[in-house]
$ cat input.txt   # compact mmCIF, C-alpha atoms
# COMPACT_ATOMS: atom_id res chain seq x y z
CA MET A 812 4.58 160.72 196.69
CA ALA A 813 4.46 157.22 198.11
CA ASP A 814 1.40 155.60 199.58
CA ASP A 815 2.32 155.58 203.26
CA SER A 816 -0.43 153.09 204.04
CA ARG A 817 1.13 150.38 201.93
CA PRO A 818 3.14 147.99 204.12
CA ALA A 819 6.44 146.50 203.08
CA ASP A 820 6.74 142.77 202.56
CA VAL A 821 10.15 141.58 203.76
CA GLN A 822 11.44 138.06 203.22
CA VAL A 823 14.90 136.63 203.82
CA ASP A 824 15.96 133.52 201.91
CA THR A 825 19.18 131.62 201.31
CA TYR A 826 20.15 130.78 197.73
CA ARG A 827 22.51 127.82 197.31
CA ARG A 828 24.81 127.19 194.37
CA GLY A 829 26.91 124.12 195.08
CA ALA A 830 28.77 124.69 198.35
CA ALA A 831 28.20 128.46 198.17
CA ARG A 832 25.35 130.26 199.90
CA THR A 833 24.03 133.76 199.30
CA ARG A 834 21.54 135.33 201.69
CA VAL A 835 18.86 137.38 199.92
CA THR A 836 16.77 140.03 201.70
CA ARG A 837 13.75 140.91 199.57
CA VAL A 838 11.81 144.11 200.20
CA SER A 839 8.63 144.79 198.24
CA THR A 840 5.54 146.97 198.48
CA GLY A 841 3.60 144.77 196.08
CA ALA A 842 3.49 147.57 193.51
CA ASP A 843 3.55 146.21 189.95
CA THR A 844 6.23 148.54 188.53
CA GLY A 845 8.02 145.95 186.43
CA ARG A 846 11.36 146.96 187.97
CA SER A 847 13.69 145.14 190.31
CA PHE A 848 16.92 146.16 192.00
CA VAL A 849 19.79 143.88 193.05
CA LEU A 850 22.17 145.37 195.64
CA VAL A 851 25.74 144.07 196.03
CA ALA A 852 27.91 145.30 198.92
CA GLY A 853 31.68 145.64 199.19
CA ILE A 854 34.48 143.60 200.72
CA GLY A 855 33.82 142.30 204.22
CA VAL A 856 30.45 143.98 204.57
CA ALA A 857 26.89 142.96 203.79
CA SER A 858 23.40 144.09 202.90
CA SER A 859 23.18 146.06 206.17
CA TYR A 860 24.93 148.89 204.28
CA PHE A 861 21.74 149.22 202.21
CA GLU A 862 19.44 149.55 205.23
CA PHE A 863 18.26 153.03 204.12
CA LEU A 864 18.57 152.59 200.35
CA ALA A 865 16.45 149.43 200.17
CA PRO A 866 13.21 150.96 201.54
CA LEU A 867 13.69 154.03 199.34
CA LEU A 868 13.97 151.89 196.21
CA ALA A 869 11.26 149.43 197.22
CA GLU A 870 8.49 151.80 196.17
CA GLU A 871 9.89 151.66 192.63
CA GLY A 872 10.29 147.89 192.47
CA GLU A 873 11.24 144.77 194.35
CA VAL A 874 14.64 144.99 196.05
CA TYR A 875 17.04 142.06 196.46
CA ALA A 876 19.89 142.91 198.86
CA LEU A 877 22.61 140.23 198.91
CA ASP A 878 24.95 138.86 201.56
CA LEU A 879 27.55 137.04 199.46
CA PRO A 880 29.43 133.91 200.62
CA GLY A 881 31.76 134.70 203.52
CA PHE A 882 30.11 138.04 204.38
CA GLY A 883 27.45 138.99 206.91
CA GLY A 884 27.79 135.69 208.75
CA VAL A 885 27.22 133.61 205.60
CA PRO A 886 29.71 130.69 205.56
CA ALA A 887 32.56 130.86 203.07
CA SER A 888 32.37 128.25 200.33
CA GLY A 889 36.03 127.26 200.13
CA GLU A 890 36.36 128.62 196.59
CA ASN A 891 38.62 131.52 195.63
CA PRO A 892 36.75 134.75 196.50
CA THR A 893 37.26 136.48 193.16
CA ALA A 894 34.94 138.94 191.42
CA GLN A 895 34.19 136.16 188.95
CA PHE A 896 33.15 133.78 191.75
CA PHE A 897 30.88 136.37 193.35
CA ALA A 898 29.43 137.21 189.93
CA ASP A 899 28.50 133.51 189.59
CA GLN A 900 26.46 133.84 192.78
CA VAL A 901 24.72 137.02 191.61
CA GLU A 902 23.85 135.40 188.29
CA GLY A 903 22.46 132.42 190.17
CA VAL A 904 20.23 134.75 192.20
CA LEU A 905 18.99 136.45 189.02
CA ASP A 906 18.10 133.11 187.48
CA HIS A 907 16.59 131.68 190.66
CA TYR A 908 14.17 134.58 191.07
CA GLY A 909 13.53 135.03 187.36
CA LEU A 910 14.97 138.55 187.23
CA THR A 911 15.40 139.21 183.52
CA ALA A 912 16.11 142.95 183.51
CA PRO A 913 17.11 144.10 187.01
CA VAL A 914 18.99 147.28 187.84
CA LEU A 915 22.26 146.14 189.41
CA ILE A 916 23.70 148.42 192.10
CA GLY A 917 27.16 147.71 193.46
CA HIS A 918 29.14 149.50 196.16
CA SER A 919 32.95 149.45 196.48
CA MET A 920 34.13 145.90 195.69
CA GLY A 921 30.53 145.16 194.76
CA THR A 922 31.08 147.33 191.68
CA GLN A 923 33.64 144.80 190.46
CA VAL A 924 31.07 142.04 190.84
CA VAL A 925 28.44 144.08 189.01
CA ALA A 926 30.90 144.92 186.21
CA GLU A 927 31.59 141.20 185.80
CA VAL A 928 27.87 140.38 185.57
CA LEU A 929 27.34 143.17 183.03
CA ALA A 930 30.15 141.75 180.90
CA ARG A 931 28.29 138.43 180.77
CA ARG A 932 24.71 139.67 180.36
CA HIS A 933 24.58 142.18 177.54
CA HIS A 934 20.78 142.48 177.69
CA LEU A 935 20.96 144.41 180.99
CA THR A 936 20.27 148.07 180.27
CA HIS A 937 21.05 150.06 183.45
CA ALA A 938 23.42 149.69 186.41
CA VAL A 939 24.81 151.89 189.18
CA LEU A 940 28.41 151.69 190.38
CA VAL A 941 28.77 153.51 193.70
CA SER A 942 32.36 154.21 194.82
CA PRO A 943 34.00 151.84 192.31
CA VAL A 944 37.44 150.44 193.14
CA VAL A 945 40.37 149.94 192.64
CA ASP A 946 42.32 152.74 190.96
CA GLU A 947 45.06 150.72 189.26
CA THR A 948 47.65 153.43 189.92
CA GLU A 949 47.19 152.80 193.66
CA SER A 950 46.51 149.09 193.78
CA ASN A 951 48.68 148.08 196.71
CA ALA A 952 47.30 147.19 200.12
CA LEU A 953 49.12 149.83 202.19
CA LEU A 954 48.12 152.69 199.90
CA GLN A 955 44.52 151.51 199.79
CA ALA A 956 44.48 151.26 203.59
CA ALA A 957 45.64 154.88 203.74
CA ARG A 958 42.93 155.96 201.28
CA PHE A 959 40.23 154.18 203.30
CA ALA A 960 41.53 155.81 206.49
CA GLN A 961 41.34 159.24 204.83
CA SER A 962 37.73 158.55 203.87
CA THR A 963 36.80 157.05 207.23
CA VAL A 964 37.44 160.28 209.14
CA ARG A 965 34.53 161.76 207.15
CA GLU A 966 32.13 158.95 208.08
CA SER A 967 29.64 158.85 210.95
CA VAL A 968 29.87 156.78 214.11
CA HIS A 969 26.90 154.77 212.84
CA ILE A 970 28.81 153.72 209.72
CA ALA A 971 31.92 152.94 211.75
CA LEU A 972 29.90 150.58 213.96
CA LEU A 973 28.34 148.94 210.89
CA ALA A 974 31.77 148.38 209.39
CA VAL A 975 33.40 147.00 212.55
CA SER A 976 30.56 144.55 213.20
CA ALA A 977 30.59 143.43 209.56
CA TYR A 978 34.35 142.86 209.53
CA LEU A 979 34.13 140.85 212.75
CA LEU A 980 31.47 138.61 211.19
CA CYS A 981 33.50 138.25 208.01
CA GLY A 982 36.64 137.38 209.92
CA PHE A 983 40.08 138.76 209.21
CA LEU A 984 41.31 135.57 207.51
CA TYR A 985 38.58 135.66 204.87
CA PHE A 986 38.92 139.43 204.48
CA PHE A 987 42.65 139.12 203.75
CA GLU A 988 41.99 136.16 201.45
CA THR A 989 39.59 138.32 199.42
CA LEU A 990 41.66 141.52 199.46
CA PRO A 991 44.37 140.50 196.91
CA HIS A 992 41.69 139.53 194.39
CA MET A 993 40.02 142.92 194.83
CA LEU A 994 43.33 144.75 194.38
CA ARG A 995 44.17 142.81 191.20
CA TYR A 996 40.80 143.29 189.50
CA ARG A 997 41.03 145.95 186.76
CA ILE A 998 37.54 147.40 186.61
CA SER A 999 38.59 150.01 184.06
CA ASP A 1000 39.68 147.22 181.71
CA ARG A 1001 36.50 145.20 182.28
CA ILE A 1002 33.78 147.88 182.23
CA GLY A 1003 33.86 148.16 178.44
CA ALA A 1004 32.76 144.54 178.07
CA GLY A 1005 29.24 145.41 179.25
CA ARG A 1006 26.51 147.12 177.22
CA ALA A 1007 24.44 148.69 180.02
CA THR A 1008 24.24 152.43 180.59
CA VAL A 1009 26.18 152.90 183.82
CA LEU A 1010 25.79 155.57 186.48
CA LEU A 1011 29.08 156.19 188.32
CA LEU A 1012 28.59 157.72 191.76
CA ARG A 1013 31.08 158.90 194.37
CA GLY A 1014 31.15 161.06 197.46
CA GLU A 1015 33.09 164.31 197.41
CA PHE A 1016 35.60 162.94 199.95
CA ASP A 1017 35.77 159.37 198.63
CA ARG A 1018 39.53 158.76 198.54
CA PRO A 1019 39.45 155.05 197.54
CA SER A 1020 37.33 155.99 194.49
CA PRO A 1021 39.05 159.09 193.06
CA ARG A 1022 37.80 161.28 190.23
CA ARG A 1023 40.57 160.10 187.91
CA LEU A 1024 39.24 156.54 188.13
CA HIS A 1025 35.74 157.75 187.27
CA SER A 1026 37.13 159.64 184.28
CA ARG A 1027 38.82 156.47 183.09
CA LEU A 1028 35.64 154.42 183.56
CA VAL A 1029 33.51 156.94 181.66
CA ALA A 1030 35.98 156.88 178.77
CA ARG A 1031 35.94 153.09 178.53
CA ALA A 1032 32.30 152.25 179.23
CA GLU A 1033 29.80 151.70 176.45
CA ALA A 1034 27.64 154.49 177.93
CA ALA A 1035 28.08 156.20 181.29
CA ARG A 1036 27.01 159.09 183.47
CA ARG A 1037 29.09 160.40 186.36
CA TRP A 1038 27.76 162.20 189.43
CA GLU A 1039 29.20 163.28 192.74
CA ILE A 1040 27.42 163.88 196.03
CA GLU A 1041 28.78 166.77 198.07
CA GLY A 1042 29.83 166.18 201.64
CA ALA A 1043 29.84 162.38 201.29
CA ALA A 1044 32.71 159.91 201.59
CA HIS A 1045 33.15 156.25 200.63
CA CYS A 1046 30.00 154.98 202.37
CA VAL A 1047 27.79 157.40 200.45
CA VAL A 1048 25.42 154.49 199.76
CA ASN A 1049 24.44 154.53 203.45
CA SER A 1050 25.00 158.08 204.70
CA HIS A 1051 23.50 159.73 201.59
CA ALA A 1052 21.07 157.02 200.55
CA VAL A 1053 18.35 159.54 199.67
CA GLY A 1054 20.58 161.04 196.98
CA VAL A 1055 21.68 157.63 195.72
CA ALA A 1056 18.04 156.57 195.39
CA ARG A 1057 17.00 159.77 193.60
CA LEU A 1058 19.91 159.67 191.16
CA THR A 1059 19.33 155.97 190.53
CA MET A 1060 15.71 156.51 189.53
CA ARG A 1061 16.53 159.48 187.31
CA HIS A 1062 19.25 157.35 185.71
CA VAL A 1063 16.89 154.42 185.11
CA ARG A 1064 14.36 156.77 183.51
CA ASP A 1065 17.12 158.35 181.38
CA GLU A 1066 16.31 161.76 182.89
CA LEU A 1067 19.80 162.36 184.31
CA ALA A 1068 22.43 164.66 182.80
CA PRO A 1069 25.72 163.04 181.80
CA LYS A 1070 27.57 164.77 184.64
CA GLY A 1071 26.64 166.63 187.79
CA ARG A 1072 26.88 167.23 191.54
CA MET A 1073 24.13 166.84 194.11
CA PRO A 1074 24.15 169.04 197.24
CA ALA A 1075 24.51 167.15 200.51
CA ALA A 1076 21.24 168.63 201.78
CA ASP A 1077 19.37 166.89 198.95
CA ALA A 1078 21.13 163.56 199.48
CA ALA A 1079 21.77 162.87 203.16
CA VAL A 1080 19.54 160.56 205.17
CA PRO A 1081 17.45 162.89 207.39
CA PRO A 1082 16.14 162.07 210.85
CA ALA A 1083 13.39 159.48 210.65
CA SER A 1084 10.06 161.18 210.07
CA HIS A 1085 8.20 158.43 211.93
CA ALA A 1086 10.70 157.88 214.74
CA ASP A 1087 9.93 157.33 218.38
CA VAL A 1088 11.62 155.54 221.25
CA ARG A 1089 9.98 152.26 220.28
CA MET A 1090 11.35 152.51 216.72
CA VAL A 1091 14.88 153.32 217.89
CA LEU A 1092 14.93 150.49 220.42
CA GLY A 1093 13.41 148.11 217.86
CA ALA A 1094 16.09 148.95 215.29
CA MET A 1095 18.88 148.49 217.83
CA ALA A 1096 17.43 145.23 219.13
CA SER A 1097 16.97 143.71 215.68
CA ARG A 1098 20.48 144.66 214.58
CA PHE A 1099 21.99 143.25 217.80
CA ALA A 1100 19.98 140.04 217.35
CA GLU A 1101 21.30 139.74 213.79
CA TRP A 1102 24.92 140.05 214.92
CA ILE A 1103 24.51 137.55 217.76
CA SER A 1104 22.70 135.05 215.53
CA ALA A 1105 25.37 135.38 212.83
CA ALA A 1106 28.15 134.85 215.38
CA ARG A 1107 26.34 131.73 216.57
CA LYS A 1108 25.82 130.57 212.95
CA ASP A 1109 22.08 130.59 213.57
CA GLU A 1110 20.85 131.29 210.05
CA HIS A 1111 17.16 131.26 210.97
CA GLY A 1112 17.87 133.79 213.72
CA VAL A 1113 19.70 136.02 211.24
CA GLU A 1114 16.81 135.83 208.78
CA ARG A 1115 14.24 136.76 211.43
CA ALA A 1116 16.35 139.66 212.73
CA LYS A 1117 17.07 141.06 209.25
CA ALA A 1118 13.38 140.94 208.36
CA ARG A 1119 12.45 142.76 211.60
CA HIS A 1120 15.10 145.41 211.01
CA ALA A 1121 13.96 146.03 207.43
CA ARG A 1122 10.34 146.44 208.56
CA VAL A 1123 11.33 148.89 211.30
CA LEU A 1124 13.29 151.05 208.86
CA TRP A 1125 10.51 150.87 206.29
CA ARG A 1126 8.08 152.37 208.78
CA ALA A 1127 10.59 155.06 209.76
CA TYR A 1128 11.94 155.97 206.31
CA ARG A 1129 9.20 154.91 203.95
CA PRO A 1130 9.41 156.63 200.55
CA GLY A 1131 7.66 159.95 200.17
CA SER A 1132 8.09 160.93 203.80
CA HIS A 1133 10.98 163.27 202.96
CA ASP A 1134 9.85 164.63 199.60
$ encode --input "input.txt" --output "structure tokens"
Amino acid sequence: MADDSRPADVQVDTYRRGAARTRVTRVSTGADTGRSFVLVAGIGVASSYFEFLAPLLAEEGEVYALDLPGFGGVPASGENPTAQFFADQVEGVLDHYGLTAPVLIGHSMGTQVVAEVLARRHHLTHAVLVSPVVDETESNALLQAARFAQSTVRESVHIALLAVSAYLLCGFLYFFETLPHMLRYRISDRIGAGRATVLLLRGEFDRPSPRRLHSRLVARAEAARRWEIEGAAHCVVNSHAVGVARLTMRHVRDELAPKGRMPAADAAVPPASHADVRMVLGAMASRFAEWISAARKDEHGVERAKARHARVLWRAYRPGSHD
């Protein structure tokens, strides 16, 4: 059970590596657990997808949620947006903050970035790949669009709004510049280059991340566990963040079975236990301020809004309130 009286410390910084910038949202309770978590989102989207997962993990260690170059209103760097390029930025963040043994958590295309970092840093012991892509038997744009559409009908309106706003900030030109690199990356060929024990997670209705891909990844990884969350789709990292957090911690503690399914009732994000009208309006206002600031390229405004939003959600969904 978490200490509800402990406030969250939220800071938003910008890490620079040459012409590339990565925005880092840090959430911490000040607890000396010795753990840290680095969260990497998928194509076109940003750390806003981890709005529920970050406060759940923060009780277990400091959380670093990343907005990579070109996403979430962060300017593109002009370099080719490959998994290798994004992995360079993640490695730079690890070195900048002195993170020697973080738990890397990637979602969708972010799993490709995490796989690339794991291949370079063999001392990392645990990682979580949520909804990994792309299944090489379906690696063309039209088929992937159909798979995402099939998954989207299972998502909530909240997630749809998150996605649309994120894609608008990313811009369609940069999205379609990044897409071919994502489609060409062979995660099942690359995952074996790492040495970490990997947890592979998917939602029951996650069409872009099919079971056959997870079977292939388990067979080729150095060590892997595979779990599925019932009732979830591709954005399981947001809609079922409670389950993702619980499975992550059991994985990190090596208490998780090699394979399993988690019921949706144990995984879905419940109504906020500390919600009131002020909280709801505060969350909406901070998110709107973030979008407007990003559209205006006002980085300081984005940082202030993201910090406010994280604090609001911490108070509403602080760990232990749903145990």
$ residues_near_point --input "input.txt" --point "(21.5, 131.5, 191.7)" --cutoff "10 Å" --atoms "only C-alpha atoms" --output "list in words"
Thr825, Tyr826, Arg827, Arg828, Gly829, Ala831, Arg832, Thr833, Ala898, Asp899, Gln900, Val901, Glu902, Gly903, Val904, Leu905, Asp906, His907, Tyr908 and Gly909 of chain A
$ closest_atom_pairs --input "input.txt" --of "segment 838-909 of chain A" --to "segment 1064-1079 of chain A" --cutoff "12 Å" --atoms "all atoms listed in the file" --output "CSV"
residue,atom,partner,partner_atom,distance
A:Arg846,CA,A:Arg1064,CA,11.2
A:Phe863,CA,A:Ala1079,CA,10.5
A:Leu864,CA,A:Ala1079,CA,11.1
A:Glu871,CA,A:Arg1064,CA,11.4
$ residues_around --input "input.txt" --residues "Met1095 of chain A" --least-positions-apart "2" --cutoff "12 Å" --atoms "all atoms listed in the file" --output "PyMOL selection string"
chain A and resi 969+972-973+1088-1093+1097-1102+1116-1117+1119-1121+1123-1124
$ atom_distance --input "input.txt" --atom1 "atom CA of Ala1007 of chain A" --atom2 "atom CA of Glu873 of chain A"
19.9 Å
$ atom_distance --input "input.txt" --atom1 "atom CA of Val838 of chain A" --atom2 "atom CA of Gln923 of chain A"
23.9 Å
$ atom_distance --input "input.txt" --atom1 "atom CA of Phe882 of chain A" --atom2 "atom CA of Gly1042 of chain A"
28.3 Å
$ residues_around --input "input.txt" --residues "segment 985-999 of chain A" --least-positions-apart "4" --cutoff "8 Å" --atoms "all atoms listed in the file" --output "PyMOL selection string"
chain A and resi 854-855+881+887+891-894+920+923+926+944-945+947+950-952+978+981+1003+1024+1027-1028+1031
$ closest_atom_pairs --input "input.txt" --of "segment 837-943 of chain A" --to "segment 1047-1063 of chain A" --cutoff "8 Å" --atoms "all atoms listed in the file" --output "CSV"
residue,atom,partner,partner_atom,distance
A:Tyr860,CA,A:Asn1049,CA,5.7
A:Phe861,CA,A:Asn1049,CA,6.1
A:Glu862,CA,A:Asn1049,CA,7.3
A:Phe863,CA,A:Ala1052,CA,6.0
A:Leu864,CA,A:Ala1052,CA,5.1
A:Leu867,CA,A:Ala1056,CA,6.4
A:Leu868,CA,A:Ala1056,CA,6.3
A:Val914,CA,A:Val1063,CA,7.9
A:His918,CA,A:Val1048,CA,7.2
A:His937,CA,A:Val1063,CA,6.3
A:Val939,CA,A:Thr1059,CA,7.0
A:Val941,CA,A:Val1048,CA,7.0
A:Ser942,CA,A:Val1047,CA,7.9
$ closest_atom_pairs --input "input.txt" --of "segment 833-870 of chain A" --to "segment 876-880 of chain A" --cutoff "6 Å" --atoms "only C-alpha atoms" --output "Markdown table"
| residue | atom | partner | partner_atom | distance |
| --- | --- | --- | --- | --- |
| A:Thr833 | CA | A:Leu879 | CA | 4.8 |
| A:Arg834 | CA | A:Asp878 | CA | 4.9 |
| A:Val835 | CA | A:Leu877 | CA | 4.8 |
| A:Thr836 | CA | A:Ala876 | CA | 5.1 |
| A:Val849 | CA | A:Ala876 | CA | 5.9 |
| A:Leu850 | CA | A:Ala876 | CA | 4.6 |
| A:Val851 | CA | A:Leu877 | CA | 5.7 |
| A:Ala857 | CA | A:Asp878 | CA | 5.1 |
| A:Ser858 | CA | A:Ala876 | CA | 5.5 |
$ closest_residue --input "input.txt" --among "A:Ser976, A:Val968, A:Ile1040, A:Phe959" --to "Pro1019 of chain A" --atoms "all atoms listed in the file"
A:Phe959
$ decode --input "input.txt" --residues "segment 1018-1029 of chain A" --atoms "N, CA, C and O atoms" --output "mmCIF file, in the first residue's frame"
data_model
loop_
_atom_site.group_PDB
_atom_site.id
_atom_site.type_symbol
_atom_site.label_atom_id
_atom_site.label_comp_id
_atom_site.auth_asym_id
_atom_site.auth_seq_id
_atom_site.Cartn_x
_atom_site.Cartn_y
_atom_site.Cartn_z
ATOM 1 N N ARG A 1018 -4.507 -6.124 -32.816
ATOM 2 C CA ARG A 1018 -4.256 -6.664 -34.155
ATOM 3 C C ARG A 1018 -2.877 -6.308 -34.714
ATOM 4 O O ARG A 1018 -2.272 -7.135 -35.397
ATOM 5 N N PRO A 1019 -2.326 -5.117 -34.467
ATOM 6 C CA PRO A 1019 -0.985 -4.830 -34.995
ATOM 7 C C PRO A 1019 0.123 -5.641 -34.318
ATOM 8 O O PRO A 1019 1.234 -5.720 -34.843
ATOM 9 N N SER A 1020 -0.175 -6.228 -33.150
ATOM 10 C CA SER A 1020 0.822 -7.005 -32.414
ATOM 11 C C SER A 1020 0.260 -8.394 -32.149
ATOM 12 O O SER A 1020 -0.124 -8.730 -31.030
ATOM 13 N N PRO A 1021 0.203 -9.246 -33.178
ATOM 14 C CA PRO A 1021 -0.485 -10.539 -33.066
ATOM 15 C C PRO A 1021 0.292 -11.553 -32.228
ATOM 16 O O PRO A 1021 1.495 -11.413 -31.998
ATOM 17 N N ARG A 1022 -0.412 -12.593 -31.810
ATOM 18 C CA ARG A 1022 0.200 -13.634 -30.979
ATOM 19 C C ARG A 1022 1.364 -14.314 -31.699
ATOM 20 O O ARG A 1022 2.346 -14.695 -31.062
ATOM 21 N N ARG A 1023 1.259 -14.477 -33.018
ATOM 22 C CA ARG A 1023 2.338 -15.166 -33.727
ATOM 23 C C ARG A 1023 3.648 -14.395 -33.647
ATOM 24 O O ARG A 1023 4.722 -14.996 -33.582
ATOM 25 N N LEU A 1024 3.566 -13.052 -33.610
ATOM 26 C CA LEU A 1024 4.778 -12.256 -33.453
ATOM 27 C C LEU A 1024 5.358 -12.465 -32.060
ATOM 28 O O LEU A 1024 6.582 -12.608 -31.896
ATOM 29 N N HIS A 1025 4.513 -12.515 -31.045
ATOM 30 C CA HIS A 1025 4.993 -12.736 -29.688
ATOM 31 C C HIS A 1025 5.632 -14.109 -29.549
ATOM 32 O O HIS A 1025 6.659 -14.262 -28.872
ATOM 33 N N SER A 1026 5.079 -15.113 -30.224
ATOM 34 C CA SER A 1026 5.676 -16.446 -30.204
ATOM 35 C C SER A 1026 7.073 -16.418 -30.817
ATOM 36 O O SER A 1026 8.014 -17.035 -30.299
ATOM 37 N N ARG A 1027 7.202 -15.681 -31.905
ATOM 38 C CA ARG A 1027 8.500 -15.574 -32.574
ATOM 39 C C ARG A 1027 9.510 -14.848 -31.686
ATOM 40 O O ARG A 1027 10.686 -15.243 -31.591
ATOM 41 N N LEU A 1028 9.057 -13.792 -31.002
ATOM 42 C CA LEU A 1028 9.955 -13.022 -30.142
ATOM 43 C C LEU A 1028 10.405 -13.850 -28.931
ATOM 44 O O LEU A 1028 11.579 -13.807 -28.540
ATOM 45 N N VAL A 1029 9.484 -14.608 -28.354
ATOM 46 C CA VAL A 1029 9.853 -15.465 -27.224
ATOM 47 C C VAL A 1029 10.905 -16.481 -27.650
ATOM 48 O O VAL A 1029 11.877 -16.747 -26.926
#
